[in-house]
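Chemist: Quick one, final_9.cif (mmCIF, C-alpha atoms and all ligand atoms):
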```
data_my_file
loop_
_atom_site.label_atom_id
_atom_site.label_comp_id
_atom_site.auth_asym_id
_atom_site.auth_seq_id
_atom_site.Cartn_x
_atom_site.Cartn_y
_atom_site.Cartn_z
CA MET A 1 33.01 -0.45 19.73
CA SER A 2 31.10 0.71 16.65
CA ILE A 3 28.19 -1.39 15.47
CA GLN A 4 27.96 -3.15 12.14
CA LEU A 5 25.13 -2.24 9.77
CA THR A 6 24.39 -4.93 7.19
CA LYS A 7 22.07 -5.04 4.21
CA ASN A 8 19.25 -7.22 5.51
CA THR A 9 18.02 -9.54 2.78
CA LYS A 10 17.31 -12.34 5.27
CA THR A 11 14.27 -14.50 4.56
CA VAL A 12 11.98 -16.39 6.90
CA THR A 13 9.96 -19.51 6.12
CA LEU A 14 6.17 -19.41 6.09
CA ASN A 15 3.78 -22.24 6.97
CA THR A 16 3.46 -23.02 3.25
CA GLY A 17 7.21 -23.71 3.02
CA ALA A 18 7.70 -20.55 0.94
CA THR A 19 10.26 -17.99 2.03
CA ILE A 20 9.66 -14.28 2.42
CA PRO A 21 12.23 -11.49 2.90
CA GLN A 22 11.90 -10.18 6.45
CA ILE A 23 11.97 -6.56 5.27
CA GLY A 24 9.50 -5.53 2.60
CA LEU A 25 8.55 -2.19 1.09
CA GLY A 26 5.22 -0.81 2.32
CA THR A 27 3.31 1.26 -0.22
CA TRP A 28 0.26 2.57 1.65
CA GLN A 29 -0.28 6.25 0.75
CA ALA A 30 2.18 6.01 -2.15
CA LYS A 31 -0.20 6.86 -4.96
CA HIS A 32 0.35 10.41 -6.13
CA GLY A 33 2.01 10.90 -9.50
CA ASN A 34 4.65 8.21 -9.93
CA GLU A 35 5.34 7.74 -6.20
CA ALA A 36 4.51 4.05 -6.07
CA TYR A 37 6.23 3.26 -9.37
CA ASP A 38 9.40 5.13 -8.45
CA SER A 39 9.58 3.78 -4.90
CA VAL A 40 9.10 0.16 -5.98
CA LEU A 41 11.77 0.54 -8.67
CA ALA A 42 14.13 2.18 -6.15
CA ALA A 43 13.47 -0.59 -3.64
CA LEU A 44 14.14 -3.40 -6.11
CA LYS A 45 17.32 -1.64 -7.23
CA SER A 46 18.44 -1.35 -3.58
CA GLY A 47 17.97 -5.08 -3.04
CA TYR A 48 14.41 -5.39 -1.67
CA ARG A 49 12.66 -8.53 -2.91
CA HIS A 50 9.36 -8.05 -1.10
CA ILE A 51 6.68 -5.52 -2.02
CA ASP A 52 3.42 -5.01 -0.15
CA THR A 53 0.37 -3.39 -1.73
CA ALA A 54 -3.44 -3.60 -1.57
CA ALA A 55 -6.37 -3.00 -3.89
CA LYS A 56 -7.44 -0.16 -1.58
CA TYR A 57 -4.06 1.60 -1.86
CA ASP A 58 -5.01 2.56 -5.41
CA ASN A 59 -1.47 1.87 -6.65
CA GLU A 60 -1.51 -1.72 -7.92
CA VAL A 61 -1.07 -0.55 -11.53
CA GLN A 62 2.10 1.38 -10.64
CA VAL A 63 3.45 -1.31 -8.32
CA GLY A 64 2.99 -4.05 -10.90
CA LYS A 65 4.51 -1.99 -13.71
CA ALA A 66 7.58 -1.22 -11.59
CA ILE A 67 8.05 -4.92 -10.78
CA ARG A 68 7.75 -5.81 -14.46
CA ASP A 69 10.04 -2.97 -15.59
CA SER A 70 12.68 -3.63 -12.92
CA GLY A 71 14.33 -6.52 -14.72
CA VAL A 72 14.21 -8.57 -11.51
CA PRO A 73 12.78 -12.02 -12.34
CA ARG A 74 9.20 -12.30 -11.07
CA GLU A 75 9.93 -15.41 -9.03
CA GLU A 76 12.53 -13.51 -7.00
CA VAL A 77 10.02 -10.97 -5.67
CA PHE A 78 7.46 -11.70 -2.95
CA VAL A 79 4.35 -9.71 -3.85
CA THR A 80 1.42 -9.27 -1.46
CA THR A 81 -1.89 -7.61 -2.22
CA LYS A 82 -5.14 -7.43 -0.28
CA LEU A 83 -8.84 -7.98 -0.81
CA TRP A 84 -10.82 -4.80 -0.10
CA CYS A 85 -13.86 -5.03 2.20
CA THR A 86 -16.43 -4.18 -0.52
CA GLN A 87 -15.46 -7.33 -2.42
CA GLN A 88 -15.61 -9.91 0.38
CA GLN A 89 -18.57 -11.57 -1.34
CA GLU A 90 -16.84 -11.73 -4.75
CA VAL A 91 -13.34 -12.84 -3.84
CA SER A 92 -12.43 -14.59 -7.09
CA LYS A 93 -13.48 -11.58 -9.18
CA ALA A 94 -11.58 -9.24 -6.84
CA LEU A 95 -8.40 -11.29 -7.17
CA ASP A 96 -8.65 -11.32 -10.97
CA GLU A 97 -9.08 -7.54 -10.96
CA SER A 98 -6.02 -7.10 -8.73
CA LEU A 99 -3.95 -9.36 -10.99
CA GLU A 100 -5.16 -7.42 -14.01
CA ARG A 101 -4.14 -4.09 -12.43
CA LEU A 102 -0.79 -5.51 -11.32
CA GLY A 103 -0.18 -7.10 -14.72
CA LEU A 104 1.00 -10.24 -12.91
CA ASP A 105 -0.07 -13.88 -13.26
CA TYR A 106 -0.03 -14.53 -9.51
CA VAL A 107 0.58 -12.99 -6.11
CA ASP A 108 2.64 -14.64 -3.43
CA ALA A 109 0.17 -13.71 -0.72
CA TYR A 110 -3.42 -12.49 -0.84
CA LEU A 111 -4.68 -11.05 2.44
CA MET A 112 -8.14 -10.20 3.72
CA HIS A 113 -7.56 -6.49 4.41
CA TRP A 114 -9.98 -6.27 7.38
CA PRO A 115 -12.32 -8.78 9.03
CA VAL A 116 -15.17 -6.56 7.84
CA CYS A 117 -17.57 -6.81 4.89
CA LEU A 118 -18.80 -3.55 3.35
CA ARG A 119 -21.88 -3.42 1.12
CA GLN A 120 -21.69 -2.13 -2.45
CA ASP A 121 -25.29 -0.81 -2.53
CA THR A 122 -24.54 2.89 -2.02
CA ILE A 123 -21.70 2.94 -4.58
CA LYS A 124 -22.97 4.71 -7.67
CA ASP A 125 -19.84 5.26 -9.77
CA GLY A 126 -18.57 1.68 -9.79
CA ASN A 127 -15.44 2.47 -7.77
CA LEU A 128 -15.32 -0.28 -5.17
CA MET A 129 -12.10 0.91 -3.51
CA VAL A 130 -13.99 3.17 -1.12
CA ILE A 131 -15.68 3.04 2.27
CA PRO A 132 -19.40 3.30 1.40
CA ILE A 133 -21.28 5.69 3.67
CA LEU A 134 -25.01 5.44 4.45
CA PRO A 135 -27.29 8.55 4.48
CA SER A 136 -27.00 8.35 8.29
CA GLY A 137 -23.27 9.04 7.95
CA LYS A 138 -22.37 5.54 9.15
CA ARG A 139 -20.18 3.15 7.21
CA ASP A 140 -22.20 0.52 5.34
CA VAL A 141 -20.91 -2.50 7.26
CA ASN A 142 -22.62 -5.81 6.51
CA ILE A 143 -22.86 -8.06 9.55
CA ASP A 144 -26.43 -9.20 8.78
CA THR A 145 -25.82 -11.52 5.86
CA TRP A 146 -22.05 -11.99 5.84
CA ASN A 147 -18.97 -12.46 8.02
CA PHE A 148 -15.22 -12.91 7.61
CA VAL A 149 -15.45 -16.69 8.03
CA LYS A 150 -17.50 -16.87 4.82
CA THR A 151 -14.94 -14.65 3.09
CA TRP A 152 -12.14 -16.92 4.26
CA GLU A 153 -13.95 -19.94 2.85
CA LEU A 154 -14.06 -18.21 -0.54
CA MET A 155 -10.37 -17.34 -0.26
CA GLN A 156 -9.49 -20.97 0.49
CA ASP A 157 -10.99 -21.93 -2.89
CA LEU A 158 -8.91 -19.47 -4.92
CA PRO A 159 -6.83 -21.18 -7.62
CA LYS A 160 -3.32 -21.97 -6.34
CA ASP A 161 -1.73 -20.86 -9.60
CA LYS A 162 -3.02 -17.33 -8.93
CA VAL A 163 -2.38 -17.12 -5.16
CA ARG A 164 0.56 -18.91 -3.62
CA SER A 165 -0.78 -18.30 -0.10
CA ILE A 166 -3.64 -16.61 1.72
CA GLY A 167 -3.64 -14.65 4.93
CA VAL A 168 -5.33 -11.96 6.96
CA SER A 169 -4.75 -8.42 8.14
CA ASN A 170 -5.99 -6.50 11.16
CA PHE A 171 -7.21 -9.74 12.78
CA SER A 172 -7.33 -10.23 16.55
CA ILE A 173 -6.60 -13.57 18.24
CA ASN A 174 -10.35 -14.14 18.62
CA ASN A 175 -10.98 -13.40 14.94
CA ILE A 176 -8.38 -16.00 13.93
CA LYS A 177 -9.77 -18.51 16.42
CA ASP A 178 -13.17 -18.08 14.74
CA LEU A 179 -11.60 -18.86 11.37
CA LEU A 180 -9.72 -21.90 12.60
CA LYS A 181 -12.68 -23.48 14.36
CA SER A 182 -15.20 -22.97 11.55
CA PRO A 183 -16.36 -26.30 10.05
CA GLY A 184 -15.30 -25.22 6.55
CA ASN A 185 -11.76 -24.30 7.57
CA THR A 186 -9.00 -26.06 5.66
CA THR A 187 -6.25 -23.44 5.73
CA VAL A 188 -4.28 -21.74 8.49
CA PRO A 189 -3.59 -18.13 7.45
CA VAL A 190 -0.03 -17.72 6.27
CA MET A 191 0.28 -14.35 7.97
CA ASN A 192 -1.53 -11.65 9.88
CA GLN A 193 -0.50 -8.13 8.91
CA VAL A 194 -1.15 -5.63 11.69
CA GLU A 195 -0.08 -2.22 12.91
CA MET A 196 3.00 -2.73 15.05
CA HIS A 197 5.72 -0.40 16.36
CA PRO A 198 7.34 0.46 19.69
CA LEU A 199 4.16 2.20 20.88
CA LEU A 200 2.02 -0.77 19.78
CA PRO A 201 4.22 -3.84 20.35
CA GLN A 202 1.36 -6.39 20.11
CA GLU A 203 3.30 -8.87 22.26
CA GLU A 204 0.38 -11.22 23.00
CA LEU A 205 -0.78 -11.30 19.37
CA LEU A 206 2.81 -11.92 18.27
CA GLN A 207 3.34 -14.85 20.61
CA TRP A 208 -0.05 -16.39 19.88
CA CYS A 209 0.15 -16.08 16.07
CA HIS A 210 3.68 -17.47 15.99
CA SER A 211 2.63 -20.41 18.19
CA LYS A 212 0.04 -21.24 15.49
CA GLY A 213 2.53 -20.90 12.62
CA ILE A 214 0.99 -17.61 11.47
CA TYR A 215 3.70 -15.05 10.73
CA LEU A 216 3.11 -11.54 11.93
CA GLU A 217 3.82 -8.64 9.58
CA ALA A 218 4.22 -5.10 10.90
CA TYR A 219 2.61 -2.27 8.98
CA SER A 220 3.24 1.34 10.03
CA PRO A 221 6.45 0.11 11.71
CA LEU A 222 7.70 3.69 12.12
CA GLY A 223 4.33 4.90 13.44
CA SER A 224 2.76 5.76 10.03
CA THR A 225 2.57 9.21 8.40
CA ASN A 226 5.67 11.30 9.21
CA ALA A 227 7.10 8.47 11.30
CA PRO A 228 6.28 9.85 14.78
CA ILE A 229 8.20 7.03 16.52
CA LEU A 230 11.42 8.47 15.12
CA SER A 231 10.92 11.61 17.21
CA GLU A 232 10.86 9.73 20.51
CA GLN A 233 13.84 10.96 22.52
CA GLU A 234 14.90 7.43 23.51
CA ILE A 235 15.07 6.41 19.84
CA ILE A 236 17.06 9.51 18.93
CA ASP A 237 19.51 8.84 21.78
CA ILE A 238 20.00 5.20 20.79
CA ALA A 239 20.56 6.24 17.17
CA LYS A 240 23.19 8.79 18.18
CA ARG A 241 24.95 6.38 20.49
CA ASN A 242 25.17 3.73 17.78
CA ASP A 243 25.83 6.16 14.92
CA VAL A 244 22.86 5.01 12.84
CA THR A 245 19.55 6.64 11.83
CA PRO A 246 16.47 6.51 14.10
CA ALA A 247 14.68 4.49 11.40
CA GLN A 248 17.49 1.90 11.43
CA VAL A 249 17.11 1.63 15.20
CA VAL A 250 13.37 0.98 14.95
CA ILE A 251 13.57 -1.38 11.97
CA SER A 252 16.38 -3.33 13.70
CA TRP A 253 14.18 -3.62 16.81
CA HIS A 254 11.37 -5.10 14.68
CA VAL A 255 13.77 -7.50 12.95
CA GLN A 256 15.16 -8.64 16.29
CA ARG A 257 11.64 -9.44 17.55
CA GLY A 258 11.38 -11.93 14.71
CA TYR A 259 8.61 -11.02 12.29
CA VAL A 260 8.20 -9.37 8.90
CA VAL A 261 8.49 -5.58 8.80
CA LEU A 262 7.15 -3.26 6.08
CA PRO A 263 8.60 0.25 6.31
CA LYS A 264 6.97 2.57 3.79
CA SER A 265 8.92 5.30 2.05
CA ILE A 266 8.79 7.12 -1.25
CA THR A 267 12.26 8.63 -0.71
CA PRO A 268 15.01 6.62 -2.46
CA ALA A 269 17.72 7.38 0.13
CA ARG A 270 15.41 6.29 2.96
CA ILE A 271 14.28 3.21 1.04
CA GLU A 272 17.92 2.21 0.68
CA SER A 273 18.98 2.96 4.26
CA ASN A 274 15.89 1.25 5.75
CA LEU A 275 17.27 -2.06 4.44
CA PHE A 276 20.37 -1.78 6.64
CA THR A 277 19.95 -3.18 10.13
CA PHE A 278 22.14 -4.09 13.09
CA THR A 279 21.90 -6.05 16.32
CA LEU A 280 20.78 -3.69 19.06
CA PRO A 281 22.67 -3.87 22.33
CA GLN A 282 20.40 -5.69 24.81
CA GLU A 283 19.90 -2.59 26.93
CA ASP A 284 18.75 -0.53 23.94
CA PHE A 285 16.45 -3.33 22.78
CA GLU A 286 14.83 -3.38 26.22
CA THR A 287 14.51 0.40 26.36
CA ILE A 288 12.53 0.36 23.11
CA SER A 289 10.46 -2.64 24.19
CA LYS A 290 9.41 -0.79 27.36
CA LEU A 291 8.42 2.47 25.63
CA SER A 292 4.72 1.68 25.31
CA SER A 293 4.37 0.76 28.98
CA ILE A 294 5.86 4.12 29.94
CA LYS A 295 4.28 6.38 27.31
CA GLY A 296 1.04 4.53 26.63
CA GLU A 297 -0.07 2.73 23.51
CA MET A 298 -0.69 4.53 20.22
CA ARG A 299 -2.84 2.99 17.49
CA ASN A 300 -3.10 5.02 14.29
CA SER A 301 -5.33 2.81 12.23
CA LYS A 302 -8.65 2.32 14.03
CA PRO A 303 -11.52 2.82 11.59
CA ASP A 304 -15.04 2.92 12.97
CA TRP A 305 -16.55 -0.33 11.68
CA ASP A 306 -19.57 -0.13 13.99
CA PRO A 307 -21.38 -2.45 14.66
CA PHE A 308 -18.31 -4.63 14.07
CA VAL A 309 -15.66 -4.08 16.73
CA PRO A 310 -12.10 -4.84 15.59
CA PHE A 311 -9.04 -5.78 17.66
CA ILE A 312 -10.88 -7.70 20.39
P1 LIG A 401 8.43 9.19 3.02
O1 LIG A 401 7.54 8.13 2.44
O2 LIG A 401 8.06 10.58 2.60
O3 LIG A 401 9.90 8.89 2.83
P2 LIG A 401 5.47 3.74 8.27
O4 LIG A 401 6.40 2.82 7.57
O5 LIG A 401 5.41 3.54 9.74
O6 LIG A 401 4.10 3.75 7.64
O7 LIG A 401 6.03 5.23 8.10
C1 LIG A 401 5.94 5.93 6.89
C2 LIG A 401 6.44 7.33 7.12
O8 LIG A 401 7.81 7.28 7.53
C3 LIG A 401 6.41 8.15 5.87
O9 LIG A 401 6.02 9.48 6.22
C4 LIG A 401 7.85 8.08 5.37
O10 LIG A 401 8.18 9.22 4.62
C5 LIG A 401 8.60 8.06 6.68
N1 LIG A 401 9.92 7.41 6.60
C6 LIG A 401 10.21 6.22 6.04
N2 LIG A 401 11.54 5.94 6.19
C7 LIG A 401 12.08 6.96 6.89
C8 LIG A 401 13.39 7.25 7.34
N3 LIG A 401 14.39 6.42 7.11
N4 LIG A 401 13.58 8.42 8.02
C9 LIG A 401 12.56 9.27 8.25
N5 LIG A 401 11.29 9.04 7.84
C10 LIG A 401 11.04 7.90 7.16
#
```
Output the file's structure as structure tokens, nothing else.
Modeler:
Amino acid sequence: MSIQLTKNTKTVTLNTGATIPQIGLGTWQAKHGNEAYDSVLAALKSGYRHIDTAAKYDNEVQVGKAIRDSGVPREEVFVTTKLWCTQQQEVSKALDESLERLGLDYVDAYLMHWPVCLRQDTIKDGNLMVIPILPSGKRDVNIDTWNFVKTWELMQDLPKDKVRSIGVSNFSINNIKDLLKSPGNTTVPVMNQVEMHPLLPQEELLQWCHSKGIYLEAYSPLGSTNAPILSEQEIIDIAKRNDVTPAQVVISWHVQRGYVVLPKSITPARIESNLFTFTLPQEDFETISKLSSIKGEMRNSKPDWDPFVPFI
């Protein structure tokens, strides 16, 4: 029996009551020439209504212009951007700068990109979208006078007409527990965006976050640059057996696990086909779910934030 691919425009409901399309377009590394502009336009034309960017991606200008030029009403698109680490002590200013670059009045979600504050002291040219490096060669991480709980408290105070919701990214369970138990906490993060794919299934984080009403979002769902997950033999075999692409297999697996998934592509045909998912036969779903226990975990994004240790 052949399987049924359907255009997946399903939404899920966040702890704010807002809905978010379960598949969104990732835009990390889409910044050369018109890549981000063209891919966002292609995505909106294909039926995506969820675009994910970040100040650090250096593409907010293109992303915002594409949303505005697309003809899709603003209120129909869920737009997420992220606070870069160098601006954790000036959150309100950072948000205004992101909105200015995007050319939008508000974002649907504003995420703390990492639970790490970077100092601005070594930046000489005014470009804050960098990782400042000390003469010693180390990253200029500030854990002496600041922490992510203080940043979160500033985020909680952002005007609601400019940010519909606030959340986090690259946070561990312990990091979120620290936020929730801080005396100044008034807001449960709407989401936690983390690296997640068959070789990094994040099962414990997924269960824990969802039990707290914090939606998980998968970045690098295909394994990041050049989509290494798609070359796994098991994925190729499942794709062949079901007559779909390897990317559709992996994206369908994410969808079936029940969180938001953000495949990145700058290729219009891939952008379009990545929106089509199907229900994996149980056996195939389990094969993919077991991959990391057989092959070992793979984490692509693991910056050295010493002395801050992420993911624990
Ligand atoms: P490109 O952007 O050149 O189309 P991730 O979402 O895990 O970060 O993966 C991004 C990588 O996966 C990019 O190199 C992207 O290439 C590639 N990619 C995205 N969709 C597909 C697809 N359907 N088939 C093959 N590669 C894809």
Chemist: List as a PyMOL selection string the protein and nucleic acid residues lying within 6 Å of ligand LIG 401 (chain A), with all atoms listed in the file counted.
Modeler: chain A and resi 220-227+247+263-267+270+274
Chemist: How would the residues just picked look written out with C-alpha atoms as a PDB file, keeping the file's coordinate frame?
Modeler:
```
ATOM      1  CA  SER A 220       3.240   1.340  10.030  1.00  0.00           C
ATOM      2  CA  PRO A 221       6.450   0.110  11.710  1.00  0.00           C
ATOM      3  CA  LEU A 222       7.700   3.690  12.120  1.00  0.00           C
ATOM      4  CA  GLY A 223       4.330   4.900  13.440  1.00  0.00           C
ATOM      5  CA  SER A 224       2.760   5.760  10.030  1.00  0.00           C
ATOM      6  CA  THR A 225       2.570   9.210   8.400  1.00  0.00           C
ATOM      7  CA  ASN A 226       5.670  11.300   9.210  1.00  0.00           C
ATOM      8  CA  ALA A 227       7.100   8.470  11.300  1.00  0.00           C
ATOM      9  CA  ALA A 247      14.680   4.490  11.400  1.00  0.00           C
ATOM     10  CA  PRO A 263       8.600   0.250   6.310  1.00  0.00           C
ATOM     11  CA  LYS A 264       6.970   2.570   3.790  1.00  0.00           C
ATOM     12  CA  SER A 265       8.920   5.300   2.050  1.00  0.00           C
ATOM     13  CA  ILE A 266       8.790   7.120  -1.250  1.00  0.00           C
ATOM     14  CA  THR A 267      12.260   8.630  -0.710  1.00  0.00           C
ATOM     15  CA  ARG A 270      15.410   6.290   2.960  1.00  0.00           C
ATOM     16  CA  ASN A 274      15.890   1.250   5.750  1.00  0.00           C
TER      17      ASN A 274
END
```
Chemist: Return the single residue from A:Ile312, A:Arg139, A:Glu217, A:Ser165 that is closest to Gly26 of chain A, with distances computed using all atoms listed in the file.
Modeler: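 When distances to Gly26 of chain A are compared using all atoms listed in the file, the smallest one comes from A:Glu217.
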Chemist: Please determine, counting only C-alpha atoms, which residue among A:Ile214, A:Met298, A:Val309, A:Val260 has the shortest atom-to-atom distance to Ile229 of chain A.
Modeler: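 Among the listed residues, the smallest separation from Ile229 of chain A belongs to A:Met298.
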Chemist: From the options A:Gly24, A:Pro183, A:Gly296, A:Pro268, which residue's atoms come nearest to Lys45 of chain A, counting all atoms listed in the file?
Modeler: A:Pro268
Chemist: Which residues of segment 173-272 of chain A come within 12 Å of segment 62-84 of chain A, and what is each one's closest atom pair and distance in Å (one decimal), counting only C-alpha atoms, sorted by chain and residue number, as CSV?
Modeler:
```
residue,atom,partner,partner_atom,distance
A:Val190,CA,A:Thr80,CA,11.5
A:Met191,CA,A:Thr80,CA,10.8
A:Asn192,CA,A:Lys82,CA,11.6
A:Gln193,CA,A:Lys82,CA,10.3
A:Glu217,CA,A:Thr80,CA,11.3
A:Leu262,CA,A:Thr80,CA,11.2
```
Chemist: Store the residues picked out above in a file with C-alpha atoms, as an mmCIF file, in the coordinates of the input.
Modeler:
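Everything below was put into part_18.cif:
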```cif
data_model
loop_
_atom_site.group_PDB
_atom_site.id
_atom_site.type_symbol
_atom_site.label_atom_id
_atom_site.label_comp_id
_atom_site.auth_asym_id
_atom_site.auth_seq_id
_atom_site.Cartn_x
_atom_site.Cartn_y
_atom_site.Cartn_z
ATOM 1 C CA VAL A 190 -0.030 -17.720 6.270
ATOM 2 C CA MET A 191 0.280 -14.350 7.970
ATOM 3 C CA ASN A 192 -1.530 -11.650 9.880
ATOM 4 C CA GLN A 193 -0.500 -8.130 8.910
ATOM 5 C CA GLU A 217 3.820 -8.640 9.580
ATOM 6 C CA LEU A 262 7.150 -3.260 6.080
#
```
Chemist: Near Trp253 of chain A, within 8 Å and counting all atoms listed in the file, which residues show up once chain neighbours fewer than 2 positions away are dropped, as number ranges by chain?
Modeler: A: 249-251, 255-257, 280, 285, 288
Chemist: For atom CA of Val261 of chain A and atom CA of Lys295 of chain A, quote the distance in Å rounded to one decimal.
Modeler: 22.4 Å
Chemist: What's the separation between atom CA of Ser211 of chain A and atom CA of Asn15 of chain A, in Å to one decimal place?
Modeler: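 Going from atom CA of Ser211 of chain A over to atom CA of Asn15 of chain A covers 11.4 Å.
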Chemist: Could you give me, as a ChimeraX atom specification, the residues within 10 Å of Glu272 of chain A, counting all atoms listed in the file and dropping anything in the same chain fewer than 5 positions from it?
Modeler: /A:7,42-48,265,267
Chemist: Since the input lacks atoms, please generate N, CA, C and O atoms for segment 137-155 of chain A and provide them as an mmCIF file, keeping the file's coordinate frame.
Modeler:
```cif
data_model
loop_
_atom_site.group_PDB
_atom_site.id
_atom_site.type_symbol
_atom_site.label_atom_id
_atom_site.label_comp_id
_atom_site.auth_asym_id
_atom_site.auth_seq_id
_atom_site.Cartn_x
_atom_site.Cartn_y
_atom_site.Cartn_z
ATOM 1 N N GLY A 137 -24.659 8.661 7.675
ATOM 2 C CA GLY A 137 -23.270 9.040 7.950
ATOM 3 C C GLY A 137 -22.435 7.856 8.422
ATOM 4 O O GLY A 137 -21.214 7.955 8.528
ATOM 5 N N LYS A 138 -23.116 6.717 8.686
ATOM 6 C CA LYS A 138 -22.370 5.540 9.150
ATOM 7 C C LYS A 138 -21.797 4.751 7.973
ATOM 8 O O LYS A 138 -22.330 4.793 6.867
ATOM 9 N N ARG A 139 -20.743 4.010 8.244
ATOM 10 C CA ARG A 139 -20.180 3.150 7.210
ATOM 11 C C ARG A 139 -21.114 1.963 6.962
ATOM 12 O O ARG A 139 -21.691 1.444 7.917
ATOM 13 N N ASP A 140 -21.213 1.555 5.691
ATOM 14 C CA ASP A 140 -22.200 0.520 5.340
ATOM 15 C C ASP A 140 -21.620 -0.879 5.576
ATOM 16 O O ASP A 140 -21.322 -1.628 4.642
ATOM 17 N N VAL A 141 -21.487 -1.213 6.846
ATOM 18 C CA VAL A 141 -20.910 -2.500 7.260
ATOM 19 C C VAL A 141 -22.001 -3.572 7.215
ATOM 20 O O VAL A 141 -23.102 -3.359 7.699
ATOM 21 N N ASN A 142 -21.656 -4.710 6.607
ATOM 22 C CA ASN A 142 -22.620 -5.810 6.510
ATOM 23 C C ASN A 142 -22.283 -6.894 7.529
ATOM 24 O O ASN A 142 -21.363 -7.686 7.303
ATOM 25 N N ILE A 143 -23.026 -6.900 8.649
ATOM 26 C CA ILE A 143 -22.860 -8.060 9.550
ATOM 27 C C ILE A 143 -24.155 -8.879 9.589
ATOM 28 O O ILE A 143 -24.249 -9.846 10.336
ATOM 29 N N ASP A 144 -25.150 -8.485 8.775
ATOM 30 C CA ASP A 144 -26.430 -9.200 8.780
ATOM 31 C C ASP A 144 -26.361 -10.468 7.946
ATOM 32 O O ASP A 144 -26.840 -11.526 8.360
ATOM 33 N N THR A 145 -25.774 -10.365 6.767
ATOM 34 C CA THR A 145 -25.820 -11.520 5.860
ATOM 35 C C THR A 145 -24.445 -12.088 5.565
ATOM 36 O O THR A 145 -24.309 -13.003 4.764
ATOM 37 N N TRP A 146 -23.403 -11.524 6.187
ATOM 38 C CA TRP A 146 -22.050 -11.990 5.840
ATOM 39 C C TRP A 146 -21.136 -11.909 7.055
ATOM 40 O O TRP A 146 -21.443 -11.238 8.037
ATOM 41 N N ASN A 147 -20.014 -12.612 6.994
ATOM 42 C CA ASN A 147 -18.970 -12.460 8.020
ATOM 43 C C ASN A 147 -17.635 -12.911 7.440
ATOM 44 O O ASN A 147 -17.582 -13.505 6.362
ATOM 45 N N PHE A 148 -16.559 -12.646 8.179
ATOM 46 C CA PHE A 148 -15.220 -12.910 7.610
ATOM 47 C C PHE A 148 -14.929 -14.401 7.461
ATOM 48 O O PHE A 148 -14.050 -14.774 6.682
ATOM 49 N N VAL A 149 -15.661 -15.247 8.193
ATOM 50 C CA VAL A 149 -15.450 -16.690 8.030
ATOM 51 C C VAL A 149 -15.897 -17.114 6.618
ATOM 52 O O VAL A 149 -15.219 -17.889 5.935
ATOM 53 N N LYS A 150 -17.021 -16.547 6.182
ATOM 54 C CA LYS A 150 -17.500 -16.870 4.820
ATOM 55 C C LYS A 150 -16.487 -16.371 3.782
ATOM 56 O O LYS A 150 -16.242 -17.031 2.769
ATOM 57 N N THR A 151 -15.945 -15.190 4.026
ATOM 58 C CA THR A 151 -14.940 -14.650 3.090
ATOM 59 C C THR A 151 -13.731 -15.572 3.031
ATOM 60 O O THR A 151 -13.202 -15.867 1.955
ATOM 61 N N TRP A 152 -13.300 -16.024 4.212
ATOM 62 C CA TRP A 152 -12.140 -16.920 4.260
ATOM 63 C C TRP A 152 -12.402 -18.199 3.477
ATOM 64 O O TRP A 152 -11.525 -18.709 2.772
ATOM 65 N N GLU A 153 -13.628 -18.711 3.573
ATOM 66 C CA GLU A 153 -13.950 -19.940 2.850
ATOM 67 C C GLU A 153 -13.844 -19.712 1.334
ATOM 68 O O GLU A 153 -13.378 -20.579 0.596
ATOM 69 N N LEU A 154 -14.231 -18.522 0.880
ATOM 70 C CA LEU A 154 -14.060 -18.210 -0.540
ATOM 71 C C LEU A 154 -12.571 -18.084 -0.891
ATOM 72 O O LEU A 154 -12.130 -18.526 -1.958
ATOM 73 N N MET A 155 -11.813 -17.507 0.011
ATOM 74 C CA MET A 155 -10.370 -17.340 -0.260
ATOM 75 C C MET A 155 -9.668 -18.693 -0.344
ATOM 76 O O MET A 155 -8.747 -18.884 -1.142
#
```
